[in-house]
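Notes follow the structure.
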Amino acid sequence: MNYEIIQEGKFKYIEVGEGEPLMLLHGLFGALSNFKDLLDYFSKRNKVVVPMLPLFELDLLHTSVGGLEKHVQKFIEFKGYDNIHMLGNSLGGHVALVHVLKHPERIKSLILTGSSGLFENGMGDTYPKRGDYEYIRKKTEVTFYDPAMATKELVDEVYDIVNQRIKVIKVIALAKSAIRNNLGDELKEIKTPTLLIWGNNDTITPPFVGKEFNKLIPNSELHFIDKCGHAPMMERPDEFNEILNGFLTKLNAPVPV
């Protein structure tokens, strides 16, 4: 990744390109590499922004979906962004949902992929096993349809997190917060145009979760991608970018008189 991480005050982020902001919110183990193809493709037509969510920097009391949403809100105010297309994967989708429910005024569209907020299969009761590299590798592979997507670099990153005690505690706190913070009753209040892109082979937030989001969010459309797991923008970038580009183009088309 040749994108510079900018640090201003307590905010770390990437910002490339010009145009309406496309803000990408990563998940619990969301490396920047997850968004490489999105950055390359959309920075030609949008200002693509990736705020680094402070997963391990917040105190334990605020290590929650709500705590992360507050950070995103402060970041948007700090930067003065408007007409934002907010895209979230996994936990990042959950943060985006909470944000749109609380602060819809600056959000032009919402894009969710493999989002939590309704239902997700966690890493299991035995997670995380510290020091067991093979176990972590298998758990990382489950994220994808094609296990080869779980590169050594990616597995090393997850392994490094679960071998630091304080990080493990915060991962568990965030996972529990996501389960507690079920948004089923609130989704009908979302008026923002919403795009749902789901992997047909997602085992963490299975396809029925995408269908349920589609049913509950009034102004939403759902697209499935075949041979694809929990991170479609990473595993099937061409199909993902094509669907998203079509959605954004349609959104910006002039209304026929």
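Lettering and numbering for the structure tokens are positional, with chains as A, B, ... in the shown order, residues counted from 1 in each chain, and ligands counted from 1 in the shown order.
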Once you count only C-alpha atoms, what closest atom pair and distance in Å to one decimal does each residue of stretch 152-196 of chain A within 7 Å of stretch 64-83 of chain A have, with rows by chain and rising residue number, as JSON lines?
{"residue": "A:Ala173", "atom": "CA", "partner": "A:Ser64", "partner_atom": "CA", "distance": 6.7}
{"residue": "A:Leu174", "atom": "CA", "partner": "A:Ser64", "partner_atom": "CA", "distance": 5.0}
{"residue": "A:Ser177", "atom": "CA", "partner": "A:Ser64", "partner_atom": "CA", "distance": 5.4}
{"residue": "A:Ala178", "atom": "CA", "partner": "A:Val65", "partner_atom": "CA", "distance": 6.3}
Residues of stretch 26-123 of chain A within 12 Å of stretch 145-165 of chain A: nearest atom pair and distance (Å, one decimal) for each, counting only C-alpha atoms, sorted by chain and number, as CSV?
residue,atom,partner,partner_atom,distance
A:Leu28,CA,A:Val158,CA,9.7
A:Phe29,CA,A:Val158,CA,6.6
A:Gly30,CA,A:Leu154,CA,9.4
A:Ala31,CA,A:Leu154,CA,7.7
A:Leu32,CA,A:Leu154,CA,10.4
A:Ser33,CA,A:Leu154,CA,8.9
A:Asn34,CA,A:Leu154,CA,9.7
A:Leu55,CA,A:Ile161,CA,10.9
A:Phe56,CA,A:Ile161,CA,9.7
A:Met123,CA,A:Val162,CA,11.9
**Item:** Residues near A:Arg236, cut-off 10 Å, only C-alpha atoms, skip fewer than 2 positions along chain, as a list in words
**Value:**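 Near neighbours after the sequence-gap exclusion: Asp37, Gly199, Ile225, Asp226, Lys227, Cys228, Gly229, Ala231, Pro232, Met233, Met234, Asp238, Glu239, Phe240 and Asn241 of chain A.
Within 10 Å of stretch 215-221 of chain A there are Ser109, Leu110, Ile111, Leu183, Gly184, Asp185, Glu186, Leu187, Lys188, Glu189, Ile190, Lys191, Thr192, Pro193, Thr194, Leu195, Leu196, Ile197, Val209 and Phe247 of chain A, counting only C-alpha atoms and ignoring same-chain residues fewer than 6 positions away.
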Save the residues we just selected, C-alpha atoms, as a tab-separated table (two decimals), in the first residue's frame?
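Result file out16.tsv:
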chain	number	residue	atom	x	y	z
A	109	SER	CA	-25.58	7.06	0.99
A	110	LEU	CA	-24.82	4.03	3.12
A	111	ILE	CA	-23.01	0.94	1.78
A	183	LEU	CA	-30.36	-2.66	15.55
A	184	GLY	CA	-33.31	-4.72	14.26
A	185	ASP	CA	-35.96	-2.41	15.71
A	186	GLU	CA	-34.31	0.81	14.48
A	187	LEU	CA	-33.41	0.03	10.87
A	188	LYS	CA	-36.82	1.10	9.55
A	189	GLU	CA	-35.90	4.68	10.56
A	190	ILE	CA	-33.04	4.86	8.05
A	191	LYS	CA	-34.04	7.12	5.14
A	192	THR	CA	-30.59	7.20	3.51
A	193	PRO	CA	-30.26	5.35	0.16
A	194	THR	CA	-28.54	2.08	1.09
A	195	LEU	CA	-26.56	-0.46	-0.93
A	196	LEU	CA	-26.03	-3.96	0.48
A	197	ILE	CA	-23.29	-6.10	-1.10
A	209	VAL	CA	-28.50	-11.41	7.14
A	247	PHE	CA	-25.10	2.61	-7.40
**Request:** List the neighbours of A:Leu118 out to 9 Å using only C-alpha atoms; skip same-chain residues closer than 2 positions along the sequence, and give me the result as a list of chain:residue names.
**Result:**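 Counting only C-alpha atoms, the residues come to A:His94, A:Ser115, A:Ser116, A:Glu120, A:Ala178, A:Ile179, A:Asn181, A:Asn182, A:Leu183, A:Gly184, A:Thr205, A:Val209, A:Glu212, A:Phe213.
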Selection file, C-alpha atoms, as a JSON list (two decimals), in the first residue's frame:
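Result written to selection19.json:
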[["chain", "number", "residue", "atom", "x", "y", "z"],
["A", 94, "HIS", "CA", -22.24, -1.65, 12.35],
["A", 115, "SER", "CA", -22.14, -5.91, 8.33],
["A", 116, "SER", "CA", -22.86, -6.83, 11.92],
["A", 120, "GLU", "CA", -23.02, -12.57, 13.22],
["A", 178, "ALA", "CA", -21.63, -5.71, 18.61],
["A", 179, "ILE", "CA", -23.78, -8.62, 19.80],
["A", 181, "ASN", "CA", -26.11, -3.59, 20.06],
["A", 182, "ASN", "CA", -28.77, -5.22, 17.86],
["A", 183, "LEU", "CA", -30.36, -2.66, 15.55],
["A", 184, "GLY", "CA", -33.31, -4.72, 14.26],
["A", 205, "THR", "CA", -22.85, -12.80, 8.44],
["A", 209, "VAL", "CA", -28.50, -11.41, 7.14],
["A", 212, "GLU", "CA", -32.96, -9.19, 6.52],
["A", 213, "PHE", "CA", -31.15, -5.84, 6.22]]
Which residues, written as a PDB file with all heavy atoms, in the first residue's frame, have at least one atom at most 9 Å from A:Val49, with only C-alpha atoms counted and residues fewer than 6 positions away on the same chain left out?
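Result file out-v9.pdb:
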ATOM      1  N   TYR A  13      -5.642   8.822   9.346  1.00  0.00           N
ATOM      2  CA  TYR A  13      -6.498   8.487   8.214  1.00  0.00           C
ATOM      3  C   TYR A  13      -5.727   8.553   6.899  1.00  0.00           C
ATOM      4  O   TYR A  13      -4.637   9.119   6.817  1.00  0.00           O
ATOM      5  CB  TYR A  13      -7.701   9.450   8.155  1.00  0.00           C
ATOM      6  CG  TYR A  13      -7.334  10.905   7.940  1.00  0.00           C
ATOM      7  CD1 TYR A  13      -7.404  11.482   6.673  1.00  0.00           C
ATOM      8  CD2 TYR A  13      -6.912  11.708   9.005  1.00  0.00           C
ATOM      9  CE1 TYR A  13      -7.060  12.815   6.473  1.00  0.00           C
ATOM     10  CE2 TYR A  13      -6.565  13.033   8.811  1.00  0.00           C
ATOM     11  CZ  TYR A  13      -6.649  13.583   7.534  1.00  0.00           C
ATOM     12  OH  TYR A  13      -6.292  14.886   7.337  1.00  0.00           O
ATOM     13  N   ILE A  14      -6.336   7.971   5.874  1.00  0.00           N
ATOM     14  CA  ILE A  14      -5.853   8.104   4.496  1.00  0.00           C
ATOM     15  C   ILE A  14      -6.875   8.955   3.765  1.00  0.00           C
ATOM     16  O   ILE A  14      -8.089   8.805   3.987  1.00  0.00           O
ATOM     17  CB  ILE A  14      -5.741   6.721   3.824  1.00  0.00           C
ATOM     18  CG1 ILE A  14      -4.537   5.965   4.384  1.00  0.00           C
ATOM     19  CG2 ILE A  14      -5.615   6.824   2.315  1.00  0.00           C
ATOM     20  CD1 ILE A  14      -4.461   4.530   3.927  1.00  0.00           C
ATOM     21  N   GLU A  15      -6.415   9.839   2.894  1.00  0.00           N
ATOM     22  CA  GLU A  15      -7.331  10.634   2.068  1.00  0.00           C
ATOM     23  C   GLU A  15      -6.694  10.796   0.694  1.00  0.00           C
ATOM     24  O   GLU A  15      -5.613  11.355   0.586  1.00  0.00           O
ATOM     25  CB  GLU A  15      -7.575  12.003   2.711  1.00  0.00           C
ATOM     26  CG  GLU A  15      -8.572  12.866   1.953  1.00  0.00           C
ATOM     27  CD  GLU A  15      -8.690  14.269   2.542  1.00  0.00           C
ATOM     28  OE1 GLU A  15      -9.499  14.438   3.468  1.00  0.00           O
ATOM     29  OE2 GLU A  15      -7.967  15.174   2.083  1.00  0.00           O
ATOM     30  N   VAL A  16      -7.360  10.269  -0.329  1.00  0.00           N
ATOM     31  CA  VAL A  16      -6.841  10.397  -1.700  1.00  0.00           C
ATOM     32  C   VAL A  16      -7.972  10.738  -2.656  1.00  0.00           C
ATOM     33  O   VAL A  16      -9.103  10.298  -2.477  1.00  0.00           O
ATOM     34  CB  VAL A  16      -6.143   9.093  -2.195  1.00  0.00           C
ATOM     35  CG1 VAL A  16      -4.782   8.923  -1.594  1.00  0.00           C
ATOM     36  CG2 VAL A  16      -6.990   7.851  -1.940  1.00  0.00           C
ATOM     37  N   GLY A  17      -7.652  11.512  -3.685  1.00  0.00           N
ATOM     38  CA  GLY A  17      -8.631  11.840  -4.711  1.00  0.00           C
ATOM     39  C   GLY A  17      -9.446  13.078  -4.373  1.00  0.00           C
ATOM     40  O   GLY A  17      -9.280  13.684  -3.308  1.00  0.00           O
ATOM     41  N   PRO A  21     -16.945  12.669  -0.710  1.00  0.00           N
ATOM     42  CA  PRO A  21     -16.199  11.713   0.120  1.00  0.00           C
ATOM     43  C   PRO A  21     -16.825  10.318   0.099  1.00  0.00           C
ATOM     44  O   PRO A  21     -18.032  10.168   0.251  1.00  0.00           O
ATOM     45  CB  PRO A  21     -16.281  12.312   1.524  1.00  0.00           C
ATOM     46  CG  PRO A  21     -16.700  13.738   1.345  1.00  0.00           C
ATOM     47  CD  PRO A  21     -17.502  13.783   0.084  1.00  0.00           C
ATOM     48  N   LEU A  22     -15.983   9.323  -0.125  1.00  0.00           N
ATOM     49  CA  LEU A  22     -16.353   7.913   0.047  1.00  0.00           C
ATOM     50  C   LEU A  22     -15.549   7.448   1.257  1.00  0.00           C
ATOM     51  O   LEU A  22     -14.326   7.321   1.189  1.00  0.00           O
ATOM     52  CB  LEU A  22     -15.998   7.104  -1.205  1.00  0.00           C
ATOM     53  CG  LEU A  22     -16.167   5.585  -1.126  1.00  0.00           C
ATOM     54  CD1 LEU A  22     -17.607   5.187  -0.834  1.00  0.00           C
ATOM     55  CD2 LEU A  22     -15.693   4.910  -2.416  1.00  0.00           C
ATOM     56  N   MET A  23     -16.235   7.267   2.379  1.00  0.00           N
ATOM     57  CA  MET A  23     -15.546   6.939   3.629  1.00  0.00           C
ATOM     58  C   MET A  23     -15.642   5.443   3.897  1.00  0.00           C
ATOM     59  O   MET A  23     -16.730   4.869   3.880  1.00  0.00           O
ATOM     60  CB  MET A  23     -16.168   7.723   4.784  1.00  0.00           C
ATOM     61  CG  MET A  23     -15.440   7.516   6.099  1.00  0.00           C
ATOM     62  SD  MET A  23     -16.083   8.579   7.435  1.00  0.00           S
ATOM     63  CE  MET A  23     -15.465  10.161   6.916  1.00  0.00           C
ATOM     64  N   LEU A  24     -14.489   4.813   4.120  1.00  0.00           N
ATOM     65  CA  LEU A  24     -14.422   3.366   4.303  1.00  0.00           C
ATOM     66  C   LEU A  24     -14.130   3.040   5.767  1.00  0.00           C
ATOM     67  O   LEU A  24     -13.115   3.479   6.311  1.00  0.00           O
ATOM     68  CB  LEU A  24     -13.309   2.784   3.407  1.00  0.00           C
ATOM     69  CG  LEU A  24     -13.256   3.280   1.950  1.00  0.00           C
ATOM     70  CD1 LEU A  24     -12.068   2.667   1.228  1.00  0.00           C
ATOM     71  CD2 LEU A  24     -14.548   2.961   1.220  1.00  0.00           C
ATOM     72  N   LEU A  25     -15.034   2.289   6.393  1.00  0.00           N
ATOM     73  CA  LEU A  25     -14.856   1.904   7.797  1.00  0.00           C
ATOM     74  C   LEU A  25     -14.532   0.416   7.886  1.00  0.00           C
ATOM     75  O   LEU A  25     -15.315  -0.425   7.450  1.00  0.00           O
ATOM     76  CB  LEU A  25     -16.132   2.211   8.596  1.00  0.00           C
ATOM     77  CG  LEU A  25     -16.610   3.681   8.592  1.00  0.00           C
ATOM     78  CD1 LEU A  25     -17.867   3.833   9.445  1.00  0.00           C
ATOM     79  CD2 LEU A  25     -15.524   4.635   9.079  1.00  0.00           C
ATOM     80  N   LEU A  39      -9.611   1.807  -3.023  1.00  0.00           N
ATOM     81  CA  LEU A  39      -8.849   3.059  -3.063  1.00  0.00           C
ATOM     82  C   LEU A  39      -8.356   3.344  -4.472  1.00  0.00           C
ATOM     83  O   LEU A  39      -8.516   4.450  -4.989  1.00  0.00           O
ATOM     84  CB  LEU A  39      -7.660   2.981  -2.097  1.00  0.00           C
ATOM     85  CG  LEU A  39      -7.957   3.301  -0.632  1.00  0.00           C
ATOM     86  CD1 LEU A  39      -6.929   2.648   0.271  1.00  0.00           C
ATOM     87  CD2 LEU A  39      -7.943   4.804  -0.393  1.00  0.00           C
TER      88      LEU A  39
END
**Request:** From the DSSP assignment of the backbone, select every residue of stretch 182-245 of chain A that is alpha helix (DSSP H), and format the answer as a PyMOL selection string.
**Result:** chain A and resi 207-216+232-235+237-245
**Asked** Using only C-alpha atoms, which of the listed residues (A:Tyr135, A:Ile166, A:His62, A:Glu20) sits closest to A:Ser43?
**Response**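 Looking only at the distances to A:Ser43, the closest residue turns out to be A:Glu20.
For the choices A:His230, A:Lys170, A:His85, A:His99, the atom-to-atom distance to A:Pro54 is smallest for A:Lys170 when using only C-alpha atoms.
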**Item:** Between atom CA of A:Glu105 and atom CA of A:His223, distance in Å (one decimal)
**Value:**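 Value for the atom CA of A:Glu105-atom CA of A:His223 distance: 25.7 Å.
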**Prompt:** Just how far from atom CA of A:Leu101 is atom CA of A:Asn252, in Å to one decimal?
**Reply:**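 Interatomic distance here is 22.4 Å.
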**Fill in**
Using only C-alpha atoms, the residue out of A:Lys108, A:Arg45, A:Met86, A:Thr63 with shortest distance to A:Gly19 is A:Arg45
